[in-house]
Number of protein chains: 2
Amino acid sequence: MTTLPASMFATILKHDGYSGTMTGPVIENAADWLTEAELPIPEPGPGQVLIRLRTASVNPSDLHFIKGEYGQPRVQGTPAGFEGCGDVVAAGKGAEALQDLRVAFVAAGSGAWAEYVVTQMQMCIPLRPDISDDDGAAQIINPLTAMAMVDMAKEDGDAFVISAATSQLGKLMCSLGRDLGLKPIALVRRTETVETLKQLGAAEVLVTTDADVVQKFADISATLKPRVFLDAVMDQLSEQLFCAMPNRARWVCYGKLGSDAPTLTQTGQLIFMGKRIEGFWLTQWMMSTPPADQMRVVTEVQARFADGRWKTDVSERLTLRNLMPNLAAALKKSDGKVIITP
Amino acid sequence: MTTLPASMFATILKHDGYSGTMTGPVIENAADWLTEAELPIPEPGPGQVLIRLRTASVNPSDLHFIKGEYGQPRVQGTPAGFEGCGDVVAAGKGAEALQDLRVAFVAAGSGAWAEYVVTQMQMCIPLRPDISDDDGAAQIINPLTAMAMVDMAKEDGDAFVISAATSQLGKLMCSLGRDLGLKPIALVRRTETVETLKQLGAAEVLVTTDADVVQKFADISATLKPRVFLDAVMDQLSEQLFCAMPNRARWVCYGKLGSDAPTLTQTGQLIFMGKRIEGFWLTQWMMSTPPADQMRVVTEVQARFADGRWKTDVSERLTLRNLMPNLAAALKKSDGKVIITP
């Protein structure tokens with residue numbers, strides 16, 4: 001057993017519970033939501049492991065969560081951060097098999113933005129040696145979400161729509177769609193990113209600031225007949241695009257990057273065209289998908305990172321100790337992940 | 001074969017196709033959408049019958065349709081009206097079995113607001129002699145919608161929510177829900193109708209103009225846990241009530257009585273709570289439900305009207321020749337159907 005220090009440095013939540021707001025995954029100042037603390041090293045209970053952090057990532061869901069806008073209540077004083085990668089330095093009863101392994105993890109007990117993390121063994125995936133620590137820090141939430149959502153889209157035809165396609169998750173879904181012989185239709189905000197998305201595998205790329213974007217989308221939609229819209233934006237443009245999709249289309253919401261709330265302008269789309277609006281949450285997928293199916297997905301994810309089909313683009317590296325003053329600015333850089341090291 | 005006149009009086013559509021608007025099932029002046037005409041008697045083709053009208057009804061879907069807001073395009077010059085009751089006076093090849101029978105029908109070729117109507121034999125239901133012509137005129141669209149939607153609600157628990165509960169359809173669903181041992185939660189606009197709905201079978205009745213309606217609904221929802229909201233209103237209050245329902249709730253839209261378009265204020269309801277928004281259309285149900293299941297429903301509907309468990313409340317009687325100037329005013333009377341006779 002590794003000798004552990006008496007305490008650890010962590011970035012912790014300032015608030016409890018839910019905020020009742022829905023302002024999206026953006027922050028102006030990390031100090032509104034987080035503070036720094038020196039905490040006792042947490043102890044792993046039965047079925048749990050203690051992990052010494054190598055890398056943690058910042059996902060949109062982390063920002064929703066620290067602001068009290070996520071599907072789980074905050075616990076004040078607990079470290080923030082859902083996802084990371086590190087070494088198992090202690091294991092509770094029943095979790096001994098993971099001792100000393102390098103794992104990707106989702107934090108279920110204490111958060112990932114800390115020198116040490118406790119989580120359930122089921123929330124850990126042992127990492128192949130050919131996966132980097134950067135890729136390890138973003139191995140679960142985005143890749144599993146991408147695999148699960150593209151699987152769902154595939155059941156409804158070969159074309160599907162992705163908003164915020166330059167996000168890490170968007171890029172994973174584009175290349176996965178292409179590899180499966182599907183036709184991803186990518187929505188981006190900036191013209192400069194069109195070529196990147198096409199090279200990644202998008203069959204069509206539309207720029208949302210284009211004045212004709214709805215008409216262009218309607219034309220593409222009439223040809224490719226996408227039936228699933230994987231949407232992280234959920235604004236009025238999303239609603240217009242949904243209305244331009246063919247009958248039986250599903251508007252699957254998994255994030256809220258848009259600042260305006262969409263109004264449902266055409267009830268007939270739901271009644272006469274058999275369309276529907278629903279959500280996707282990885283936590284629910286993990287609870288409702290049989291372990292063998294999850295394991296197949298996890299294995300495929302590691303294979304894709306190991307052979308370079310997928311990679312984590314890093315936009316900024318921060319340490320736990322310089323996270324607070326620099327997080328808001330780092331998040332304004334697009335097209336990559338903020339990676340945190342101890 | 002009955003001797004037929006050379007022509008017939010009919011109320012016909014003034015416009016073609018769709019209007020592109022969604023202003024709801026209300027009209028200020030029938031002359032905006034309809035005109036009177038003397039037309040040749042239509043001829044039944046193979047599989048069709050010619051029906052001499054006894055009674056026709058006015059459904060919200062008729063108003064959506066004549067305004068170009070329904071899921072099927074208008075054909076200018078064709079009689080309006082989806083539903084009625086009458087005698088089969090001529091039958092095309094293959095439809096001879098219906099000759100001389102009194103039937104309830106949905107008009108698929110020419111509309112019901114005419115002295116004679118042609119429709120497919122599959123759209124006709126021979127009527128038991130103990131069903132009145134008034135009940136015959138409203139035997140298909142509302143009753144089958146009620147049966148199909150309450151069946152759907154029943155699969156998701158024993159409580160469900162009905163908006164516009166004083167409509168004919170709302171009343172059918174309340175009493176059907178009670179008879180099936182379910183707990184209908186009825187939403188009404190006027191306090192005077194609360195007792196009627198309770199007597200019909202509503203477990204709870206809420207008045208939508210009550211300032212505390214959302215809180216009262218949230219309390220009831222926490223206790224009864226309704227998972228299906230059968231909504232003909234689709235306004236912002238509908239959205240608030242949907243947000244107050246428990247996880248996995250379904251907002252099932254089948255009409256648009258509300259004048260404002262609802263804004264989706266809480267994306268998290270879809271993502272984290274597994275809720276969804278969808279539509280119900282009887283035409284789609286009829287196309288996707290096996291004939292034997294439909295026959296079971298049709299038989300049950302007639303039994304309910306024959307023994308008095310269901311009845312059609314008539315708010316006003318009009319004739320084809322005084323329909324145009326009086327329709328808008330007749331529709332302003334609530335709590336019953338407008339019945340049209342030749």
# chains A, B, ... in the order shown; residues from 1 in each chain; ligands from 1

call {"tool": "interface_residues", "arguments": {"of": "chain B", "to": "chain A", "cutoff": "7 Å", "atoms": "only C-alpha atoms", "output": "PyMOL selection string"}}
result
chain B and resi 22+71+253-254+256+261-268+270-272+274-281

call {"tool": "residues_around", "arguments": {"residues": "Ala159 (chain B)", "least_positions_apart": "4", "cutoff": "10 Å", "atoms": "only C-alpha atoms", "output": "list in words"}}
result
Ala153, Lys154, Gly177, Gly181, Leu182, Lys183, Pro184, Ile185, Ala203, Ser221, Thr223, Leu224, Lys225, Pro226, Arg227, Val228 and Phe229 of chain B

call {"tool": "write_last_selection", "arguments": {"atoms": "C-alpha atoms", "output": "compact mmCIF listing (two decimals), in the first residue's frame"}}
result
# COMPACT_ATOMS: atom_id res chain seq x y z
CA ALA B 153 -52.28 6.14 -20.50
CA LYS B 154 -53.24 2.93 -18.71
CA GLY B 177 -60.87 6.26 -17.00
CA GLY B 181 -60.37 1.92 -12.30
CA LEU B 182 -57.98 4.74 -13.25
CA LYS B 183 -57.62 8.22 -11.74
CA PRO B 184 -58.24 10.97 -14.29
CA ILE B 185 -56.94 14.41 -13.27
CA ALA B 203 -60.38 11.83 -9.35
CA SER B 221 -48.91 15.00 -9.08
CA THR B 223 -49.31 11.90 -4.73
CA LEU B 224 -50.99 10.32 -7.77
CA LYS B 225 -47.88 10.28 -10.02
CA PRO B 226 -49.56 10.70 -13.42
CA ARG B 227 -47.18 9.75 -16.24
CA VAL B 228 -49.33 10.75 -19.23
CA PHE B 229 -50.71 14.22 -19.99

call {"tool": "closest_atom_pairs", "arguments": {"of": "region 235-325 of chain B", "to": "region 116-124 of chain B", "cutoff": "12 Å", "atoms": "only C-alpha atoms", "output": "Markdown table"}}
result
| residue | atom | partner | partner_atom | distance |
| --- | --- | --- | --- | --- |
| B:Thr283 | CA | B:Met123 | CA | 11.0 |
| B:Met286 | CA | B:Met123 | CA | 10.1 |
| B:Met287 | CA | B:Gln122 | CA | 11.5 |
| B:Pro291 | CA | B:Gln122 | CA | 10.1 |
| B:Gln294 | CA | B:Gln122 | CA | 11.3 |
| B:Met295 | CA | B:Gln122 | CA | 11.2 |
| B:Val298 | CA | B:Cys124 | CA | 10.8 |
| B:Leu320 | CA | B:Tyr116 | CA | 11.4 |

call {"tool": "write_last_selection", "arguments": {"atoms": "N, CA and C atoms", "output": "short mmCIF file (atom, residue, chain, number, x, y, z; two decimals), in the first residue's frame"}}
result
data_model
loop_
_atom_site.label_atom_id
_atom_site.label_comp_id
_atom_site.auth_asym_id
_atom_site.auth_seq_id
_atom_site.Cartn_x
_atom_site.Cartn_y
_atom_site.Cartn_z
N THR B 283 -55.76 9.13 -37.07
CA THR B 283 -55.49 8.56 -38.40
C THR B 283 -54.27 7.63 -38.33
N MET B 286 -55.20 4.46 -36.50
CA MET B 286 -55.98 3.54 -37.33
C MET B 286 -55.10 2.83 -38.34
N MET B 287 -54.05 3.53 -38.82
CA MET B 287 -53.17 2.90 -39.80
C MET B 287 -52.22 1.90 -39.15
N PRO B 291 -56.56 -4.57 -37.37
CA PRO B 291 -58.03 -4.48 -37.50
C PRO B 291 -58.79 -5.14 -36.35
N GLN B 294 -58.92 -2.80 -33.53
CA GLN B 294 -59.83 -1.69 -33.82
C GLN B 294 -61.28 -2.14 -33.67
N MET B 295 -61.57 -3.36 -34.12
CA MET B 295 -62.94 -3.87 -34.04
C MET B 295 -63.38 -4.01 -32.58
N VAL B 298 -64.21 -0.53 -31.48
CA VAL B 298 -65.47 -0.07 -32.08
C VAL B 298 -66.68 -0.70 -31.40
N LEU B 320 -77.86 22.06 -43.02
CA LEU B 320 -76.86 22.41 -44.03
C LEU B 320 -77.10 23.82 -44.56
#

call {"tool": "select_by_dssp", "arguments": {"residues": "region 53-261 of chain A", "states": "helix (DSSP H, G or I)", "output": "ChimeraX atom specification"}}
result
/A:60-66,96-98,121-123,133-137,141-154,168-179,191-200,213-224,236-244

call {"tool": "atom_distance", "arguments": {"atom1": "CA of Ala104 (chain A)", "atom2": "CA of Cys85 (chain A)"}}
result
4.3 Å

call {"tool": "residues_around", "arguments": {"residues": "Leu127 (chain B)", "least_positions_apart": "2", "cutoff": "7 Å", "atoms": "only C-alpha atoms", "output": "ChimeraX atom specification"}}
result
/B:102-104,125,129,131

call {"tool": "select_by_dssp", "arguments": {"residues": "region 10-148 of chain B", "states": "strand (DSSP E)", "output": "count of residues only"}}
result
43

call {"tool": "residues_around", "arguments": {"residues": "Glu96 (chain A)", "least_positions_apart": "6", "cutoff": "9 Å", "atoms": "only C-alpha atoms", "output": "NGL selection string"}}
result
:A and (47 or 49 or 90)

call {"tool": "atom_distance", "arguments": {"atom1": "CA of Met8 (chain A)", "atom2": "CA of Thr319 (chain A)"}}
result
13.7 Å

call {"tool": "residues_around", "arguments": {"residues": "Met173 (chain A)", "least_positions_apart": "6", "cutoff": "12 Å", "atoms": "only C-alpha atoms", "output": "number ranges by chain"}}
result
A: 142-154, 160-167, 179-180, 182-186, 197, 200-202, 230-231, 301, 309-310

call {"tool": "residues_around", "arguments": {"residues": "Phe65 (chain A)", "least_positions_apart": "6", "cutoff": "10 Å", "atoms": "only C-alpha atoms", "output": "ChimeraX atom specification"}}
result
/A:13,17-19,25,33,59,71-74,80-82

call {"tool": "residues_around", "arguments": {"residues": "Thr11 (chain A)", "least_positions_apart": "4", "cutoff": "6 Å", "atoms": "only C-alpha atoms", "output": "PyMOL selection string"}}
result
chain A and resi 35-36+79+113

call {"tool": "write_last_selection", "arguments": {"atoms": "N, CA, C and O atoms", "output": "mmCIF file, in the first residue's frame"}}
result
data_model
loop_
_atom_site.group_PDB
_atom_site.id
_atom_site.type_symbol
_atom_site.label_atom_id
_atom_site.label_comp_id
_atom_site.auth_asym_id
_atom_site.auth_seq_id
_atom_site.Cartn_x
_atom_site.Cartn_y
_atom_site.Cartn_z
ATOM 1 N N THR A 35 -14.492 26.934 -4.589
ATOM 2 C CA THR A 35 -13.452 27.511 -3.742
ATOM 3 C C THR A 35 -12.376 26.448 -3.529
ATOM 4 O O THR A 35 -12.590 25.271 -3.804
ATOM 5 N N GLU A 36 -11.198 26.877 -3.066
ATOM 6 C CA GLU A 36 -10.105 25.920 -2.849
ATOM 7 C C GLU A 36 -10.123 25.457 -1.398
ATOM 8 O O GLU A 36 -10.540 26.190 -0.511
ATOM 9 N N PRO A 79 -15.501 18.005 -3.514
ATOM 10 C CA PRO A 79 -14.775 18.389 -4.723
ATOM 11 C C PRO A 79 -15.651 18.306 -5.971
ATOM 12 O O PRO A 79 -16.489 17.413 -6.090
ATOM 13 N N TRP A 113 -11.715 16.915 -9.346
ATOM 14 C CA TRP A 113 -10.813 18.062 -9.343
ATOM 15 C C TRP A 113 -10.132 18.162 -7.982
ATOM 16 O O TRP A 113 -10.269 19.141 -7.241
#

call {"tool": "atom_distance", "arguments": {"atom1": "CA of Ala330 (chain A)", "atom2": "CA of Ala31 (chain A)"}}
result
14.4 Å

call {"tool": "closest_residue", "arguments": {"among": "B:Asp133, B:Glu115, B:Glu38, B:Asp335", "to": "Ala306 (chain B)", "atoms": "only C-alpha atoms"}}
result
B:Asp133

call {"tool": "closest_residue", "arguments": {"among": "B:Pro126, B:Gly136, B:Pro325, B:Pro42", "to": "Asn29 (chain B)", "atoms": "only C-alpha atoms"}}
result
B:Pro325
